[in-house]
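*Asks:* Below is a structure I'd like to ask you about.
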Amino acid sequence: MRPPPTDGAAVGATGEGLARKSAWSRGIVPISAGGKQREENSMRRLLMSLVPALALMFAAGLAKAADGGTFRSAMRTGCIEMGTLHTTCGHRLDETVLQGLVHIKWTGDDVQPMLAESWKTPDGGKTYIFSLRHGVKWHDGTPFTAKDVVFSLNLYANPKVNSPWSQKLSAVAGYKAFQDGSAASLAGVKALDDMTVQVELDSAKPLWVQLQLIAISIFPEHILGKVAPGDIKGNAFWVNRVGTGPFIWKKYESDQYVEVDRNPDYFLGAPKLDRIIYQIYKDVPPIIAALETQEVDAMSYEGGGVPISELARLQKLDYLTVLPKFSAGLPTYLQFNLENKRFADVRVRQAMLYAIDRKAIIETIKQGAGELSNTLFPQDWARANDLEPYDYNPDKAKQLLSEAGWDGSQPVDFIYYYSDQMNVDTVTAIQSYLAAVGVNIQPRLLDPAAINQTYADGSFQMGFFANGMGLDPSLGSPVVVCGAKPLSMGYCNPKVDELFNKGLESADRAVRAESYQEASRILNKELPKAWLWNEVRPLAFNNRIVGLAQHFKEQPLVIFNHPVYNEVEKWEVAK
């Protein structure tokens, strides 16, 4: 089932369906061959059958003139049904339906008070006291209170929920006790009254709100509080969400679309748009086709952005704003399951990095779009200047594999997510380079839901992945700190954890840099991931929506994995 018509135009389709709708929009209506009478009869039947549809289209046209219109945004599969606590791209729904206490601003340099109207710290960042907004209601009419905040923070941290984002709360007092089962909740989180919440940390962290709390969304305790923690993942709530945001969940068609409608009582002002439709696509090519035919206004930035090969064509379309060199702040790497004994020896991981001519891939396949990287952090101030460069050296790779006792006769299941041609070619090149030194990877394209299943059942071996963390090096912690499932993949070095923790204890970048640079050396040597490069991710937006392209032009990089305050309530359809 496809989404309903909006603004007098059909919302995106894929494959044959998209071709049909594009043909219809151009007035191409095929009729059978034959004589004149046959054609007239066929045309008469066609016109009669179209009367109801034309009436609906006429009504939609009238509605467009009278209302605020519809914004149509592409979204990748696997972003919705598991829920916010277990996905990354699903956070974009937390910009419009669910919300946090604060959101990062689209400029990336500050936070916007959301469900927290204000906050203070009487002791330099060890204790935070949040004053909540009065008069906010959940979309079902239930008042929002401190109970929802206390419940939500504990839900993220609950080991039975097993959220990869629980690490964002690791600095909260009592987190470790909650994780190991010696406590039933976070000792540092308390409701002082119905509209005030206190959060105590294990040590002073003056940037905790700006760098960690921005990842945490607030959920309705009166609904999810009735669900056992182990049943949160994939719960029916995620396909019928009740939030506090500017748009209200209206309808979800599995792997087709989500429709959210204007919340007239939104606390920052009623949105100008009537609705947003998130059209769901399996991969990038049909998203690009939908942008060209104007069946969506915004592309999904998960999955690769605009392929380099498509940029020139899209840049010629005057109805699109194309950002061809948009920084992704995105370390890209080979991911290993370190609990699998084949990858436990660091020499195996080092060998694979020496085996790949990363410079050649960047220069040829990626056409210069990327920056060579040898550690986790995309921020140059967080990287030490004495890192091992892992220059292309297949002979050294063979030697290391031999020393590690690598069995080249056993194939490696190799998962990847990016389906555009450039990334397919990149994976093919990696496969060829590794084969030359005796590592036989077998690439397999999976969507996010299937990838998460391999994490859950322990079958994941190796793959080609990335993690958005361009705002600050601290945002890379879920990839490498101890116990951060599934992203750390069995890696644990307490010294790295200590350095991440220390990096949040000062607001002075020079002081913080010392911690991250030391961590960068360890990660460069131990290679829990084989760091490849930092990505550029071209994006494109339809100028039909006022506020969309304008905000992304002001955004310094793609802000992954966090709800962003982008003033969506002020966006509107161009007159």
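Just so we're on the same page: first chain in the structure tokens is A, next is B, and so on; residues restart at 1 for each chain, and ligands are numbered from 1 in the order they show up.
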Quick one: residues within 10 Å of Gly368 of chain A, only C-alpha atoms, excluding same-chain residues fewer than 5 positions away - as a ChimeraX atom specification?
*Replies:* /A:308,359-363,536
*Asks:* Hey, can you spit out that residue selection with C-alpha atoms as a PDB file, in the first residue's frame?
*Replies:*
```pdb
ATOM      1  CA  ILE A 308      29.073  10.767  -6.594  1.00  0.00           C
ATOM      2  CA  LYS A 359      44.480   5.987  -0.944  1.00  0.00           C
ATOM      3  CA  ALA A 360      43.776   4.367  -4.303  1.00  0.00           C
ATOM      4  CA  ILE A 361      40.121   3.722  -3.369  1.00  0.00           C
ATOM      5  CA  ILE A 362      39.647   7.362  -2.282  1.00  0.00           C
ATOM      6  CA  GLU A 363      41.308   8.724  -5.421  1.00  0.00           C
ATOM      7  CA  VAL A 536      31.803  13.193   2.698  1.00  0.00           C
TER       8      VAL A 536
END
```
*Asks:* Contacts of Gly90 of chain A at 8 Å or less, counting only C-alpha atoms, minus same-chain residues fewer than 6 places along, as a PDB file with N, CA, C and O atoms, in the first residue's frame?
*Replies:*
```pdb
ATOM      1  N   CYS A  79      14.222   1.588  10.290  1.00  0.00           N
ATOM      2  CA  CYS A  79      14.370   2.733  11.185  1.00  0.00           C
ATOM      3  C   CYS A  79      13.251   2.855  12.209  1.00  0.00           C
ATOM      4  O   CYS A  79      13.326   3.705  13.090  1.00  0.00           O
ATOM      5  N   ILE A  80      12.207   2.064  12.088  1.00  0.00           N
ATOM      6  CA  ILE A  80      10.998   2.370  12.849  1.00  0.00           C
ATOM      7  C   ILE A  80      10.603   1.270  13.819  1.00  0.00           C
ATOM      8  O   ILE A  80      10.436   1.513  15.018  1.00  0.00           O
ATOM      9  N   GLY A  83      12.337   0.571  17.252  1.00  0.00           N
ATOM     10  CA  GLY A  83      12.181   1.655  18.207  1.00  0.00           C
ATOM     11  C   GLY A  83      13.428   2.489  18.424  1.00  0.00           C
ATOM     12  O   GLY A  83      14.542   2.110  18.064  1.00  0.00           O
ATOM     13  N   THR A  84      13.213   3.642  19.041  1.00  0.00           N
ATOM     14  CA  THR A  84      14.278   4.603  19.285  1.00  0.00           C
ATOM     15  C   THR A  84      15.415   4.037  20.117  1.00  0.00           C
ATOM     16  O   THR A  84      16.581   4.389  19.928  1.00  0.00           O
TER      17      THR A  84
END
```
*Asks:* With distances taken over only C-alpha atoms, which of A:Gly305, A:Lys570, A:Gly188, A:Arg72 is nearest to Gly269 of chain A?
*Replies:* A:Lys570
*Asks:* Rank nothing, just name the residue among A:Val102, A:Met75, A:Ile287, A:Leu115 nearest to Lys137 of chain A, using only C-alpha atoms.
*Replies:* A:Leu115
*Asks:* Which residues of segment 122-158 of chain A come within 8 Å of segment 211-235 of chain A, and what is each one's closest atom pair and distance in Å (one decimal), counting only C-alpha atoms, sorted by chain and residue number, as a Markdown table?
*Replies:*
```
| residue | atom | partner | partner_atom | distance |
| --- | --- | --- | --- | --- |
| A:Trp138 | CA | A:Pro220 | CA | 7.4 |
| A:Phe144 | CA | A:Pro220 | CA | 7.8 |
| A:Lys147 | CA | A:Glu221 | CA | 6.8 |
| A:Asp148 | CA | A:Glu221 | CA | 4.9 |
| A:Val149 | CA | A:Ile218 | CA | 6.0 |
| A:Phe151 | CA | A:Glu221 | CA | 6.1 |
| A:Ser152 | CA | A:Ile218 | CA | 5.4 |
| A:Leu153 | CA | A:Ile216 | CA | 7.5 |
| A:Leu155 | CA | A:Pro229 | CA | 7.4 |
| A:Tyr156 | CA | A:Ile216 | CA | 7.9 |
| A:Asn158 | CA | A:Pro229 | CA | 7.5 |
```
*Asks:* Could you name the residues that touch segment 383-400 of chain A at 6 Å or less, counting only C-alpha atoms, but leaving out those on the same chain fewer than 5 positions away, as a list in words?
*Replies:*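 Near neighbours after the sequence-gap exclusion: Arg347, Ala351, Tyr354, Ala355, Ile356, Asp357, Val437, Gln517 and Ser520 of chain A.
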*Asks:* I need the residues from that last selection saved to file as a compact mmCIF listing (two decimals), in the first residue's frame (with N, CA, C and O atoms), if you can.
*Replies:*
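Written output follows (part.txt):
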```
# COMPACT_ATOMS: atom_id res chain seq x y z
N ARG A 347 46.89 -8.91 15.19
CA ARG A 347 47.68 -9.00 13.96
C ARG A 347 46.80 -9.26 12.74
O ARG A 347 47.11 -8.80 11.63
N ALA A 351 46.69 -6.71 9.70
CA ALA A 351 47.01 -7.23 8.37
C ALA A 351 45.97 -6.78 7.34
O ALA A 351 46.32 -6.39 6.21
N TYR A 354 46.67 -3.18 6.36
CA TYR A 354 47.83 -3.07 5.47
C TYR A 354 47.50 -3.60 4.07
O TYR A 354 48.09 -3.17 3.07
N ALA A 355 46.55 -4.52 3.98
CA ALA A 355 46.26 -5.17 2.69
C ALA A 355 45.47 -4.29 1.74
O ALA A 355 45.43 -4.55 0.53
N ILE A 356 44.84 -3.23 2.25
CA ILE A 356 43.94 -2.42 1.43
C ILE A 356 44.61 -1.10 1.04
O ILE A 356 45.09 -0.36 1.91
N ASP A 357 44.63 -0.82 -0.23
CA ASP A 357 45.18 0.47 -0.71
C ASP A 357 44.08 1.52 -0.58
O ASP A 357 43.35 1.80 -1.53
N VAL A 437 45.74 -11.35 -0.22
CA VAL A 437 46.60 -11.75 0.90
C VAL A 437 46.04 -12.98 1.62
O VAL A 437 46.54 -13.37 2.68
N GLN A 517 43.58 12.37 22.42
CA GLN A 517 44.76 12.01 21.64
C GLN A 517 45.41 10.74 22.17
O GLN A 517 45.88 9.91 21.39
N SER A 520 43.31 8.00 21.00
CA SER A 520 43.49 7.78 19.56
C SER A 520 44.69 6.88 19.28
O SER A 520 44.67 6.08 18.34
```
*Asks:* Give me the residues within 12 Å of segment 546-554 of chain A as a PyMOL selection string, counting only C-alpha atoms and dropping any in the same chain fewer than 5 places off.
*Replies:* chain A and resi 68-73+105-109+272-273+297-299+301+319-327+538-541+559+564-575
*Asks:* Can you pull out every residue within 7 Å of Ala507 of chain A, counting only C-alpha atoms, but drop anything in the same chain fewer than 2 positions away, and send it as number ranges by chain?
*Replies:* A: 206-207, 509
*Asks:* Those selected residues, please, written with N, CA, C and O atoms and delivered as a short mmCIF file (atom, residue, chain, number, x, y, z; two decimals), in the first residue's frame.
*Replies:*
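File selection-v4.cif, as written:
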```
data_model
loop_
_atom_site.label_atom_id
_atom_site.label_comp_id
_atom_site.auth_asym_id
_atom_site.auth_seq_id
_atom_site.Cartn_x
_atom_site.Cartn_y
_atom_site.Cartn_z
N PRO A 206 31.04 19.25 32.82
CA PRO A 206 30.35 20.49 32.43
C PRO A 206 29.71 20.45 31.05
O PRO A 206 28.88 21.31 30.74
N LEU A 207 30.09 19.48 30.21
CA LEU A 207 29.51 19.40 28.86
C LEU A 207 28.54 18.23 28.72
O LEU A 207 28.16 17.85 27.62
N ARG A 509 38.94 22.79 25.50
CA ARG A 509 39.32 21.85 24.45
C ARG A 509 40.76 21.38 24.58
O ARG A 509 41.07 20.21 24.34
#
```
*Asks:* My list of candidates is A:Leu101, A:Leu311, A:Val239, A:Leu372. Which is closest to Arg537 of chain A when distances are computed with only C-alpha atoms?
*Replies:*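 Selected residue with least distance to Arg537 of chain A: A:Leu311.
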*Asks:* When you draw a straight line from atom CA of Gly174 of chain A to atom CA of Asp202 of chain A, how long is it in Å?
*Replies:*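 Answer for the atom CA of Gly174 of chain A to atom CA of Asp202 of chain A separation: 8.0 Å.
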*Asks:* What's the 10 Å shell around Leu532 of chain A, counting only C-alpha atoms, without same-chain residues fewer than 3 positions away, as an MDAnalysis selection string?
*Replies:* chainID A and resid 331:334 353 356:359 362 370:376 390 464:466 529 535
*Asks:* Under the rule that only C-alpha atoms are counted, which of A:Phe237, A:Trp406, A:Phe460, A:Tyr266 is the nearest residue to Arg133 of chain A?
*Replies:*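 Answer, going by the shortest atom-to-atom distance: A:Tyr266.
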*Asks:* Give me, as a tab-separated table, the closest atom pair and its distance (Å, one decimal) for every residue of segment 71-151 of chain A within a cut-off of 12 Å of segment 487-500 of chain A, counting only C-alpha atoms, rows sorted by chain and rising number.
*Replies:*
```
residue	atom	partner	partner_atom	distance
A:His86	CA	A:Leu487	CA	11.1
A:Thr87	CA	A:Leu487	CA	11.4
A:Thr88	CA	A:Leu487	CA	11.5
```
*Asks:* I need the chosen residues saved as a compact mmCIF listing (two decimals), in the first residue's frame, with N, CA, C and O atoms.
*Replies:*
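Saved file out_12.txt follows:
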```
# COMPACT_ATOMS: atom_id res chain seq x y z
N HIS A 86 16.80 1.25 20.07
CA HIS A 86 17.63 0.24 19.44
C HIS A 86 18.00 0.56 18.00
O HIS A 86 18.57 -0.29 17.30
N THR A 87 17.70 1.77 17.52
CA THR A 87 18.08 2.13 16.16
C THR A 87 18.77 3.49 16.16
O THR A 87 18.74 4.22 17.15
N THR A 88 19.38 3.82 15.04
CA THR A 88 20.03 5.13 14.90
C THR A 88 19.16 6.07 14.06
O THR A 88 18.78 7.13 14.51
```
*Asks:* Separation of atom CA of Gln410 of chain A and atom CA of Val439 of chain A, in Å?
*Replies:*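 So the answer is 8.4 Å.
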*Asks:* Can you check which residues of segment 253-321 of chain A DSSP gives as helix (DSSP H, G or I) on the backbone and send them as a list in words?
*Replies:* Val284, Pro285, Pro286, Ile287, Ile288, Ala289, Ala290, Leu291, Glu292, Ile308, Ser309, Glu310, Leu311, Ala312, Arg313, Leu314 and Gln315 of chain A
*Asks:* Quick one: residues within 6 Å of Met462 of chain A, only C-alpha atoms counted, chain neighbours fewer than 3 positions away excluded, as a count of residues only?
*Replies:* 3
